[in-house]
Every structure is written in structure tokens, then in C-alpha cells.
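Below you'll find the structure, written out as C-alpha cells, and then a few comments.
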Amino acid sequence: MIDNRTRRQSDSLRALFDTLATGGREPIVEIEDWRDHLAGNRRLNRSGVGRWFMTALRHEWMPLDIPTPLCAALTDDATSYLETRPGPWATVLGHILRVAGTAGWLASQRGIDEETVYLTALYHDLGKLDEWDTGVPHAELGARYAERDLTGEISARKLLTITEAIRVHPDRPPPSWLAARALHDADKLDKIGATGLIRRISKMEDIEEACLGADRTLYEAETFPRPCLAASTALLQPKLAFARTVERLIDEICP
Ligand SMILES: [Fe+2]
Ligand SMILES: [Fe+2]
């Protein structure tokens, strides 16, 4: 038996899921894009769930600090490239930029070269949508795109660090690969919490699919691997608390 308050919260969460499920092809990428998108839903505004979600999102979403002019130029190129891809390009681009922001913060905490980490994050999922067409794993495609664009632009040693980190990123990297460890943690952290709901639900088309995406995010929070870097723990805890709140309400909206 659930009380009226829980029912109202669950209804509001359902409206949130519905609003997040854009299909991933509209240009909703940055945090302010999401603020504007959610602000258009009167029901979310009335219930306060939109504000609650934006507060969590602002807490989790690390600002994107683009370390060098080369990184800035390649970010523009990556954005233009993804915009031409069929499929949920905005979901992929948003994820890449959030991972770059988080990985950059981890790099600054751990004294890892910020350009190396930024470029690793930028290319790690750049081949995500091409994987479906080509059958080549996106980690391999991302490494190839990085080799294509970065050869001659940065040292061979730095390029190798980047491509190895990209190739291994679906798995846990060896302890000595610091850039790969920053990417690993930033990538996994983006899949849970409020950013996790954006990541999983924004590419969905309707509320039924959105529920599957939310379930997956909760499962990922439940089974979250031990972070590779100690600094990641500070980012992990609020996301796990957010997941517990969503878990309490989700059964009512995603039976
Ligand atoms: Fe990936
Ligand atoms: Fe990723």
C-alpha cells in the first residue's frame, strides 16, 4: 500500500522520464540545454521534480575545461562529425563531453597530463554510432580516429598512451595506466546518478524504453566497480544516494 505522497512523487518521476526520452537526435547536449528542455514541462515545474533533478545534475556535472587550442579544434570537429551521424548523436556527444569534464577533474586531482586525458575522453566513444554500421568495436574505431587526427600533432608516446587507453576502455585498465584509469572512472561514473538517467534515457523514444534505461542505470549503480582512482570516490557517493531515491519510487512507474 503506498501513500499519496509517494504516488505523487512517482507520477512526477514518470513525467521526468518521459521528458528525458527525446530520442537523442535533438540538439540537447549541454547542461543548460537540459535545463531549458525540462523547464518547458509545466508538470515537472509544478511538482518540483524538475528542480530536484537539475540540482542533482549540477552537482554531478563537472565543468568542461578544454586544456589546449588543439583540444578545442578537435572538439569542434568531433561535434560536427557526430551531428552528421544517424541515430542518437546528441546522447553520445553529451556523454563524451561529460566524461571529458569528469576525467579532466580527476586528472587535475592526480597530476595526470590534462591534454592526454582530454583527448582520450574525446575519442573514446567517437566511433560509437559507427560500430552499428561497420561491426568494428567502437573502442577500436575511436583509437583509429585518434591515430588519424593526432599523428604529427602530439608526441608518438602521448598518442600511444591515448590509443591504448581508448582500446582498453570497456575493461579495467592496468594500475600503471593513469590516463586510462581516469577515463575508466569518468566513463563508469557517467552511467549512474542523474547523468546516468540522461545517458540511458535520452536516446529512448518513449516511457517504456525509458523505464528500461532507468532500470539499467540502477543496476549499474548497484554493481558499480571499485573506482581506479581514489578521487573518484567523492563523485561516486552522491550518485549512489540519488540512485537510492529513484529506486524507492521506480516500482510504481515501471512495473
Ligand atoms: Fe565506450
Ligand atoms: Fe563512454
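Every chain in the C-alpha cells takes a letter, A first, then B, and so on in the order presented; its residues are numbered from 1, and the ligands are numbered from 1 following the presented order.
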Cut-off 10 Å, only C-alpha atoms and all ligand atoms, neighbours of ligand 1 as JSON, numbers by chain: {"A": [92, 95, 96, 121, 123, 124, 125, 126, 127, 128, 137, 138, 139, 140, 142, 166, 167, 168, 169, 170, 171, 183, 184, 187, 188]}
Surrounding residues of A:Leu93 excluding itself and chain neighbours under 3 positions, 9 Å, only C-alpha atoms, as a list in words: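 Skipping anything fewer than 3 positions along the chain leaves Val29, Ala78, Thr79, Leu82, Glu83, Pro88, Trp89, Ala90, Ile96, Leu97, Arg98, Asp125 and Leu126 of chain A.
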Residue subset to file, keeping C-alpha atoms, as a PDB file, in the first residue's frame:
```
ATOM      1  CA  VAL A  29      23.785  18.309 -25.171  1.00  0.00           C
ATOM      2  CA  ALA A  78      34.036  15.779 -33.181  1.00  0.00           C
ATOM      3  CA  THR A  79      30.818  17.754 -32.688  1.00  0.00           C
ATOM      4  CA  LEU A  82      28.616  13.354 -34.676  1.00  0.00           C
ATOM      5  CA  GLU A  83      25.912  15.771 -35.850  1.00  0.00           C
ATOM      6  CA  PRO A  88      21.174   9.345 -31.075  1.00  0.00           C
ATOM      7  CA  TRP A  89      24.187  11.573 -31.763  1.00  0.00           C
ATOM      8  CA  ALA A  90      23.307  14.137 -29.047  1.00  0.00           C
ATOM      9  CA  ILE A  96      31.655  12.305 -24.362  1.00  0.00           C
ATOM     10  CA  LEU A  97      31.748  15.914 -23.130  1.00  0.00           C
ATOM     11  CA  ARG A  98      30.659  14.966 -19.600  1.00  0.00           C
ATOM     12  CA  ASP A 125      33.221   6.824 -27.889  1.00  0.00           C
ATOM     13  CA  LEU A 126      33.545   8.821 -31.102  1.00  0.00           C
TER      14      LEU A 126
END
```
Gap from atom CA of A:Ala194 to atom CA of A:Glu115 - Å, one decimal: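 One can read the atom CA of A:Ala194 to atom CA of A:Glu115 distance as 26.8 Å.
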Contacts of A:Leu249 within 8 Å, only C-alpha atoms, excl. fewer than 5 positions in-chain, as a list of chain:residue names: A:Thr6, A:Gln9, A:Ser10, A:Leu13
Limited to all heavy atoms, could you put the picked residues into a file as a PDB file, in the first residue's frame?
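The result, stored in again.pdb:
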```pdb
ATOM      1  N   THR A   6       3.941   9.373  -1.917  1.00  0.00           N
ATOM      2  CA  THR A   6       4.805   8.522  -2.744  1.00  0.00           C
ATOM      3  C   THR A   6       4.234   8.406  -4.154  1.00  0.00           C
ATOM      4  O   THR A   6       4.956   8.440  -5.141  1.00  0.00           O
ATOM      5  CB  THR A   6       4.946   7.126  -2.107  1.00  0.00           C
ATOM      6  OG1 THR A   6       5.410   7.293  -0.781  1.00  0.00           O
ATOM      7  CG2 THR A   6       5.916   6.257  -2.888  1.00  0.00           C
ATOM      8  N   GLN A   9       5.010  11.548  -6.033  1.00  0.00           N
ATOM      9  CA  GLN A   9       6.430  11.590  -6.410  1.00  0.00           C
ATOM     10  C   GLN A   9       6.704  10.652  -7.590  1.00  0.00           C
ATOM     11  O   GLN A   9       7.442  10.987  -8.510  1.00  0.00           O
ATOM     12  CB  GLN A   9       7.302  11.193  -5.213  1.00  0.00           C
ATOM     13  CG  GLN A   9       7.362  12.251  -4.139  1.00  0.00           C
ATOM     14  CD  GLN A   9       8.134  11.764  -2.919  1.00  0.00           C
ATOM     15  OE1 GLN A   9       8.162  10.574  -2.605  1.00  0.00           O
ATOM     16  NE2 GLN A   9       8.750  12.704  -2.221  1.00  0.00           N
ATOM     17  N   SER A  10       6.073   9.478  -7.546  1.00  0.00           N
ATOM     18  CA  SER A  10       6.262   8.515  -8.631  1.00  0.00           C
ATOM     19  C   SER A  10       5.699   9.057  -9.943  1.00  0.00           C
ATOM     20  O   SER A  10       6.315   8.925 -11.007  1.00  0.00           O
ATOM     21  CB  SER A  10       5.582   7.186  -8.290  1.00  0.00           C
ATOM     22  OG  SER A  10       6.228   6.581  -7.207  1.00  0.00           O
ATOM     23  N   LEU A  13       8.087  11.517 -11.271  1.00  0.00           N
ATOM     24  CA  LEU A  13       9.285  10.867 -11.826  1.00  0.00           C
ATOM     25  C   LEU A  13       8.980  10.290 -13.207  1.00  0.00           C
ATOM     26  O   LEU A  13       9.813  10.353 -14.120  1.00  0.00           O
ATOM     27  CB  LEU A  13       9.766   9.759 -10.881  1.00  0.00           C
ATOM     28  CG  LEU A  13      11.186   9.253 -11.123  1.00  0.00           C
ATOM     29  CD1 LEU A  13      12.219  10.350 -10.879  1.00  0.00           C
ATOM     30  CD2 LEU A  13      11.497   8.061 -10.209  1.00  0.00           C
TER      31      LEU A  13
END
```
Which of A:Asp3, A:Asp11, A:Asp190, A:Glu247 sits closest to ligand 2 [using only C-alpha atoms and all ligand atoms]: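 Smallest distance to ligand 2 is found for A:Asp190.
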All alpha helix (DSSP H) positions in stretch 75-249 of chain A, as a PyMOL selection string: chain A and resi 75-83+89-110+114-124+128-134+138-150+156-168+178-189+193-201+207-222+232-249
Å distance separating atom CA of A:Ile162 from atom CA of A:Thr120, one decimal place: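 Computed distance, atom CA of A:Ile162 to atom CA of A:Thr120, equals 5.1 Å.
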Which residue of A:Gly40, A:Gly48, A:Gly87, A:Pro63 approaches A:Arg25 most closely, using only C-alpha atoms: A:Gly87
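Taking atom CA of A:Val99 as the reference point, atom CA of A:Leu44 is found at 27.1 Å.
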